[in-house]
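Data block for structure35.cif (mmCIF, C-alpha atoms and all ligand atoms):
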```cif
data_final
loop_
_atom_site.label_atom_id
_atom_site.label_comp_id
_atom_site.auth_asym_id
_atom_site.auth_seq_id
_atom_site.Cartn_x
_atom_site.Cartn_y
_atom_site.Cartn_z
CA MET A 30 0.00 0.00 0.00
CA GLU A 31 1.27 3.52 -0.86
CA PRO A 32 2.13 5.64 2.21
CA VAL A 33 -0.18 8.56 3.06
CA PRO A 34 1.16 11.73 1.30
CA LEU A 35 3.22 14.16 3.39
CA THR A 36 0.89 16.50 5.30
CA ASP A 37 1.64 20.17 6.04
CA GLN A 38 2.12 19.31 9.70
CA GLU A 39 4.60 16.54 8.91
CA PHE A 40 6.48 18.85 6.55
CA VAL A 41 6.85 21.39 9.37
CA ARG A 42 8.30 18.72 11.66
CA PHE A 43 11.02 17.75 9.16
CA ARG A 44 11.64 21.40 8.35
CA ASP A 45 12.14 22.27 12.03
CA MET A 46 14.42 19.27 12.48
CA ILE A 47 16.78 20.18 9.60
CA ARG A 48 16.78 23.80 10.68
CA GLN A 49 17.73 22.90 14.22
CA VAL A 50 20.39 20.41 13.20
CA ALA A 51 22.01 21.94 10.11
CA GLY A 52 20.73 25.52 10.17
CA ILE A 53 19.07 24.97 6.79
CA SER A 54 15.97 27.10 6.24
CA MET A 55 13.22 25.78 4.00
CA SER A 56 10.24 27.74 2.74
CA ASP A 57 6.84 26.15 2.08
CA ILE A 58 7.68 25.59 -1.58
CA LYS A 59 10.20 22.95 -0.48
CA LYS A 60 7.40 20.58 0.60
CA PRO A 61 7.39 18.53 -2.66
CA LEU A 62 11.19 18.28 -2.48
CA VAL A 63 11.09 16.99 1.11
CA SER A 64 8.35 14.55 0.21
CA GLY A 65 10.19 13.34 -2.90
CA ARG A 66 13.48 12.81 -1.08
CA LEU A 67 12.10 11.05 1.99
CA LEU A 68 9.40 8.91 0.37
CA LYS A 69 11.87 6.21 -0.65
CA ARG A 70 12.97 5.84 2.98
CA VAL A 71 9.35 5.65 4.18
CA LYS A 72 8.82 2.86 1.64
CA ALA A 73 12.14 1.16 2.37
CA HIS A 74 11.03 0.71 5.98
CA GLY A 75 7.55 -0.41 4.96
CA LEU A 76 5.97 2.50 6.86
CA ARG A 77 2.51 3.88 6.17
CA SER A 78 3.13 7.56 6.90
CA PHE A 79 5.79 10.25 7.19
CA SER A 80 4.86 10.59 10.87
CA GLU A 81 6.02 7.04 11.47
CA TYR A 82 9.21 7.83 9.58
CA PHE A 83 9.74 11.00 11.65
CA GLN A 84 9.57 8.93 14.82
CA LEU A 85 12.13 6.52 13.42
CA VAL A 86 14.45 9.38 12.46
CA MET A 87 14.16 10.98 15.89
CA ARG A 88 15.24 7.76 17.56
CA GLY A 89 18.69 8.75 16.24
CA GLY A 90 21.28 6.45 14.78
CA GLU A 91 21.74 5.62 11.14
CA GLU A 92 18.32 6.77 9.90
CA PHE A 93 18.82 10.21 11.43
CA GLN A 94 22.00 10.71 9.39
CA ILE A 95 20.30 9.35 6.25
CA ALA A 96 17.45 11.86 6.62
CA VAL A 97 19.90 14.74 7.20
CA ASP A 98 21.85 13.64 4.10
CA LEU A 99 18.67 13.54 2.02
CA LEU A 100 17.59 17.01 3.12
CA THR A 101 20.82 18.68 2.03
CA THR A 102 21.44 19.94 -1.50
CA ASN A 103 24.77 18.79 -2.86
CA GLU A 104 25.20 20.18 -6.37
CA THR A 105 28.85 20.84 -7.19
CA TYR A 106 31.47 20.29 -9.90
CA PHE A 107 35.20 20.69 -10.62
CA PHE A 108 36.55 24.25 -11.12
CA ARG A 109 33.22 25.80 -10.15
CA GLU A 110 33.58 29.59 -10.20
CA PRO A 111 37.03 29.45 -11.83
CA SER A 112 37.97 33.05 -10.98
CA HIS A 113 38.42 31.92 -7.35
CA PHE A 114 41.14 29.49 -8.39
CA GLU A 115 42.78 32.14 -10.57
CA PHE A 116 42.74 34.55 -7.61
CA LEU A 117 44.16 31.87 -5.34
CA LYS A 118 47.04 31.24 -7.72
CA SER A 119 47.95 34.79 -8.68
CA ARG A 120 47.36 36.50 -5.32
CA ILE A 121 48.32 33.82 -2.82
CA LEU A 122 50.18 30.80 -4.22
CA ASP A 123 52.58 32.71 -6.48
CA HIS A 124 53.79 34.68 -3.44
CA TRP A 125 53.74 31.91 -0.86
CA ARG A 126 57.08 31.90 1.03
CA PRO A 127 56.52 31.12 4.74
CA GLY A 128 58.38 27.82 4.63
CA ARG A 129 55.46 25.76 5.89
CA PRO A 130 52.57 24.04 4.09
CA LEU A 131 49.63 26.25 3.11
CA ARG A 132 46.51 25.06 4.95
CA VAL A 133 43.14 25.20 3.19
CA TRP A 134 39.66 24.22 4.43
CA SER A 135 36.86 23.34 2.04
CA ALA A 136 34.13 23.79 4.62
CA ALA A 137 31.07 22.36 2.83
CA CYS A 138 32.75 20.18 0.25
CA SER A 139 29.75 18.06 -0.78
CA SER A 140 31.03 15.17 -2.95
CA GLY A 141 34.55 16.59 -2.96
CA GLU A 142 35.01 18.26 -6.34
CA GLU A 143 35.86 21.59 -4.69
CA ALA A 144 38.50 20.01 -2.45
CA TRP A 145 40.08 18.03 -5.29
CA THR A 146 40.09 21.14 -7.50
CA LEU A 147 41.91 22.99 -4.73
CA ALA A 148 44.35 20.10 -4.43
CA MET A 149 45.14 20.26 -8.16
CA VAL A 150 45.68 24.02 -8.07
CA LEU A 151 47.78 23.92 -4.89
CA ASP A 152 49.89 21.02 -6.07
CA SER A 153 50.59 22.69 -9.44
CA SER A 154 51.93 25.79 -7.70
CA LEU A 155 53.44 24.52 -4.45
CA GLY A 156 54.37 20.94 -5.25
CA ALA A 157 53.82 17.91 -3.07
CA GLY A 158 54.36 18.70 0.61
CA GLY A 159 53.70 22.41 0.14
CA TRP A 160 50.05 22.27 1.08
CA GLU A 161 47.34 20.42 2.98
CA ILE A 162 43.55 20.43 2.73
CA LEU A 163 40.80 19.65 5.17
CA ALA A 164 37.50 18.94 3.42
CA SER A 165 34.32 18.66 5.45
CA ASP A 166 30.57 18.40 5.11
CA ILE A 167 27.60 17.48 7.28
CA SER A 168 26.62 14.68 4.89
CA THR A 169 28.43 11.39 5.46
CA ARG A 170 27.08 10.03 2.17
CA MET A 171 28.72 12.91 0.29
CA LEU A 172 31.95 12.46 2.25
CA ASP A 173 32.07 8.80 1.22
CA ASN A 174 31.81 9.89 -2.44
CA ALA A 175 34.45 12.54 -1.86
CA ARG A 176 36.92 10.06 -0.39
CA ARG A 177 36.31 7.62 -3.22
CA GLY A 178 37.18 10.36 -5.72
CA ILE A 179 35.46 8.78 -8.71
CA TYR A 180 33.23 11.05 -10.80
CA PRO A 181 31.26 11.15 -14.04
CA MET A 182 33.21 13.08 -16.69
CA GLN A 183 30.33 15.60 -16.95
CA ARG A 184 31.40 17.03 -13.58
CA ALA A 185 34.79 17.93 -15.04
CA THR A 186 33.88 19.92 -18.14
CA GLU A 187 35.54 23.02 -16.60
CA MET A 188 38.76 21.15 -15.79
CA PRO A 189 41.68 22.18 -18.05
CA HIS A 190 42.95 19.29 -20.16
CA HIS A 191 46.52 19.42 -18.81
CA VAL A 192 45.19 19.28 -15.23
CA MET A 193 43.08 16.25 -16.06
CA THR A 194 45.98 14.37 -17.62
CA ARG A 195 48.29 15.21 -14.73
CA TYR A 196 46.02 14.42 -11.79
CA CYS A 197 43.25 12.09 -12.97
CA LEU A 198 42.91 8.62 -14.39
CA LYS A 199 40.30 8.09 -17.08
CA GLY A 200 38.06 5.10 -16.60
CA ILE A 201 38.19 2.40 -19.23
CA GLY A 202 35.96 -0.58 -20.00
CA GLU A 203 33.09 -0.67 -17.56
CA HIS A 204 34.39 2.59 -15.99
CA GLU A 205 34.24 4.46 -19.32
CA GLY A 206 32.88 7.98 -18.80
CA THR A 207 34.34 8.38 -15.32
CA LEU A 208 37.51 9.85 -13.88
CA MET A 209 39.38 8.96 -10.73
CA VAL A 210 41.52 11.36 -8.75
CA GLY A 211 45.08 10.01 -8.83
CA ASN A 212 47.19 8.99 -5.84
CA ALA A 213 49.50 12.01 -6.06
CA LEU A 214 46.88 14.21 -4.34
CA ARG A 215 45.33 11.81 -1.87
CA GLN A 216 47.89 11.90 0.95
CA GLN A 217 47.34 15.58 1.63
CA VAL A 218 43.54 15.77 1.60
CA ARG A 219 41.70 14.78 4.78
CA PHE A 220 37.92 14.38 4.91
CA MET A 221 35.90 14.85 8.07
CA GLN A 222 32.26 15.26 9.04
CA ILE A 223 31.77 18.76 10.44
CA ASN A 224 28.48 20.50 11.13
CA LEU A 225 28.96 24.24 10.67
CA ASN A 226 25.85 24.82 12.78
CA ALA A 227 27.46 23.39 15.92
CA PRO A 228 30.64 24.05 17.93
CA LEU A 229 33.66 23.18 15.80
CA PRO A 230 36.33 20.66 16.76
CA ASP A 231 39.90 21.82 17.17
CA LEU A 232 41.08 22.10 13.56
CA GLY A 233 44.02 24.49 13.83
CA GLU A 234 44.31 27.65 11.73
CA PHE A 235 43.86 27.98 7.97
CA ASP A 236 45.36 30.33 5.42
CA VAL A 237 42.36 29.93 3.12
CA ILE A 238 38.77 28.87 3.81
CA PHE A 239 36.27 28.05 1.07
CA LEU A 240 32.71 28.46 2.37
CA ARG A 241 30.88 28.44 -0.93
CA ASN A 242 27.25 27.75 -1.80
CA VAL A 243 26.26 26.72 1.71
CA MET A 244 25.26 29.95 3.42
CA ILE A 245 22.53 30.41 0.83
CA TYR A 246 20.61 27.80 2.83
CA PHE A 247 21.01 29.66 6.15
CA ASP A 248 19.03 32.60 7.55
CA MET A 249 20.89 35.75 8.62
CA LYS A 250 21.27 34.73 12.26
CA THR A 251 22.72 31.34 11.30
CA LYS A 252 25.08 32.97 8.78
CA GLN A 253 26.35 35.29 11.51
CA GLU A 254 26.86 32.41 13.93
CA VAL A 255 28.65 30.27 11.34
CA VAL A 256 31.01 33.08 10.33
CA GLU A 257 31.71 33.92 14.02
CA ARG A 258 32.53 30.24 14.58
CA ILE A 259 34.99 29.97 11.70
CA MET A 260 36.61 33.38 12.21
CA PRO A 261 39.13 32.21 14.86
CA LEU A 262 40.23 29.45 12.45
CA LEU A 263 41.27 31.94 9.78
CA ARG A 264 44.84 33.19 10.20
CA PRO A 265 45.54 36.93 10.15
CA ASN A 266 45.72 37.93 6.44
CA GLY A 267 43.98 34.65 5.59
CA CYS A 268 41.26 34.66 2.91
CA LEU A 269 37.65 33.50 3.06
CA PHE A 270 35.92 32.66 -0.22
CA VAL A 271 32.14 32.59 -0.51
CA SER A 272 30.19 32.03 -3.71
CA HIS A 273 29.58 34.88 -6.15
CA SER A 274 25.87 34.54 -5.36
CA GLU A 275 26.56 35.11 -1.64
CA SER A 276 27.75 38.11 0.33
CA LEU A 277 28.85 38.82 3.89
CA ASN A 278 26.99 42.15 3.86
CA GLY A 279 25.28 42.40 7.23
CA VAL A 280 26.88 39.12 8.33
CA THR A 281 30.20 40.47 9.63
CA ASP A 282 32.27 43.63 9.41
CA ARG A 283 35.41 41.93 10.67
CA LEU A 284 36.59 40.96 7.16
CA ASN A 285 37.81 43.18 4.33
CA LEU A 286 36.39 42.69 0.86
CA LEU A 287 39.26 42.11 -1.61
CA GLN A 288 37.01 41.50 -4.60
CA PRO A 289 33.40 40.30 -4.87
CA SER A 290 33.08 37.07 -2.81
CA VAL A 291 36.70 37.12 -1.52
CA TYR A 292 37.37 38.44 2.00
CA GLN A 293 40.52 38.88 4.06
CA LYS A 294 41.07 38.89 7.80
CA SER A 295 43.10 41.91 8.83
C1 LIG B 301 25.63 23.07 -2.82
S1 LIG B 301 26.80 22.18 -1.87
C2 LIG B 301 28.24 23.22 -2.07
C3 LIG B 301 29.46 22.43 -2.47
C4 LIG B 301 30.70 23.26 -2.80
N1 LIG B 301 31.12 24.06 -1.67
C5 LIG B 301 30.48 24.11 -4.02
O1 LIG B 301 30.42 25.34 -3.88
O2 LIG B 301 30.37 23.58 -5.11
C6 LIG B 301 26.28 22.58 -0.20
C7 LIG B 301 26.82 21.61 0.84
O3 LIG B 301 26.64 22.17 2.14
C8 LIG B 301 26.43 21.11 3.03
N2 LIG B 301 25.84 21.61 4.28
C9 LIG B 301 24.58 22.09 4.48
N3 LIG B 301 24.43 22.43 5.77
C10 LIG B 301 25.61 22.19 6.39
C11 LIG B 301 26.07 22.35 7.72
N4 LIG B 301 25.28 22.82 8.67
N5 LIG B 301 27.34 21.99 8.00
C12 LIG B 301 28.16 21.51 7.03
N6 LIG B 301 27.78 21.34 5.76
C13 LIG B 301 26.51 21.68 5.44
C14 LIG B 301 25.53 20.15 2.26
O4 LIG B 301 25.59 18.84 2.78
C15 LIG B 301 26.09 20.27 0.85
O5 LIG B 301 26.98 19.23 0.54
#
```
Step by step, read the file and then write its structure as structure tokens.
Amino acid sequence: MEPVPLTDQEFVRFRDMIRQVAGISMSDIKKPLVSGRLLKRVKAHGLRSFSEYFQLVMRGGEEFQIAVDLLTTNETYFFREPSHFEFLKSRILDHWRPGRPLRVWSAACSSGEEAWTLAMVLDSSLGAGGWEILASDISTRMLDNARRGIYPMQRATEMPHHVMTRYCLKGIGEHEGTLMVGNALRQQVRFMQINLNAPLPDLGEFDVIFLRNVMIYFDMKTKQEVVERIMPLLRPNGCLFVSHSESLNGVTDRLNLLQPSVYQKS
């Protein structure tokens, strides 16, 4: 028997849950999306309603994480917003002399394309050993994909050809149409589950933080809290990158705008 369709009241329960956990705000128009994403779990457990599924989720454990994963939006691809990587190279990497590895945090890395793109750019300029990356996300399912480092070619249409041949292996036979990130980059990229909407673990300081295409899901108060939380992790003169469709206007005045979407800690 088909489960009873998601009611308005049930939608509000899931909406409140994801807001409380991840800080993600959802308007009423997201109801079909929530229903579409969770219905397969309701069915997988043989439940008759979303209320029953909500109870299961709130018991915690594996199903809680699965529901959180399903309620996040994970779209990403290699060399997204390429001007950020050009800025990184010309304004930071080409002048990097401190005699220690440059530390970068990809703070909502989704399935990892952003972190691997950073790895390719850093490695090209600084060489092996000259850099390290922490890549994190709230979604463990996305982090598993990120660690695996295998992607459909369509996610790499923005990747320059020479970068692809240097750092990726092209799938053959049954893996035709995919690429795999090569071993040269793997040692220096660490993946970790981190919820930006909760106190952060001790991660050390970073020279560069990418916080792109995640704050769009947060309301102003959550944005302010998240930026306050990451601020101590950014070194003096370190740079914070947000997406071109985001801005820190009204979020913080403790960072200087270097160019649209790129901020520096003074
Ligand atoms: C659209 S993706 C952005 C990926 C990448 N940064 C980019 O710009 O292409 C947004 C990611 O933010 C993550 N996310 C949402 N809320 C989060 C939170 N509270 N803490 C950490 N990650 C979160 C989602 O799981 C998702 O993978």
(request) Tell me which protein, DNA and RNA residues are within 12 Å of A:Leu85, counting only C-alpha atoms, leaving out same-chain ones fewer than 2 positions away, and put them as a ChimeraX atom specification. (result) /A:70-71,74-76,78-83,87-96
(request) Excluding A:Leu214 and residues on its chain fewer than 2 positions from it, collect all residues at most 8 Å away from it, counting only C-alpha atoms, and give them as an MDAnalysis selection string. (result) chainID A and resid 145 148:149 152 157 196 210:212 216:218
(message) Hey, which residues sit close to ligand LIG 301 (chain B)? Say within 9 Å, counting all atoms listed in the file, and write them as an NGL selection string.
(response) :A and (47-48 or 50-53 or 97-110 or 135-144 or 165-172 or 222-227 or 239-247 or 255 or 271-272)
(message) Ranking A:Glu234, A:Ala213, A:Arg264, A:His273 by minimum distance to A:Pro111 and counting all atoms listed in the file, which one comes first?
(response) A:His273
(request) Quote the spacing between atom CA of A:Met182 and atom CA of A:Gly206 in Å to one decimal place. (result) 5.5 Å
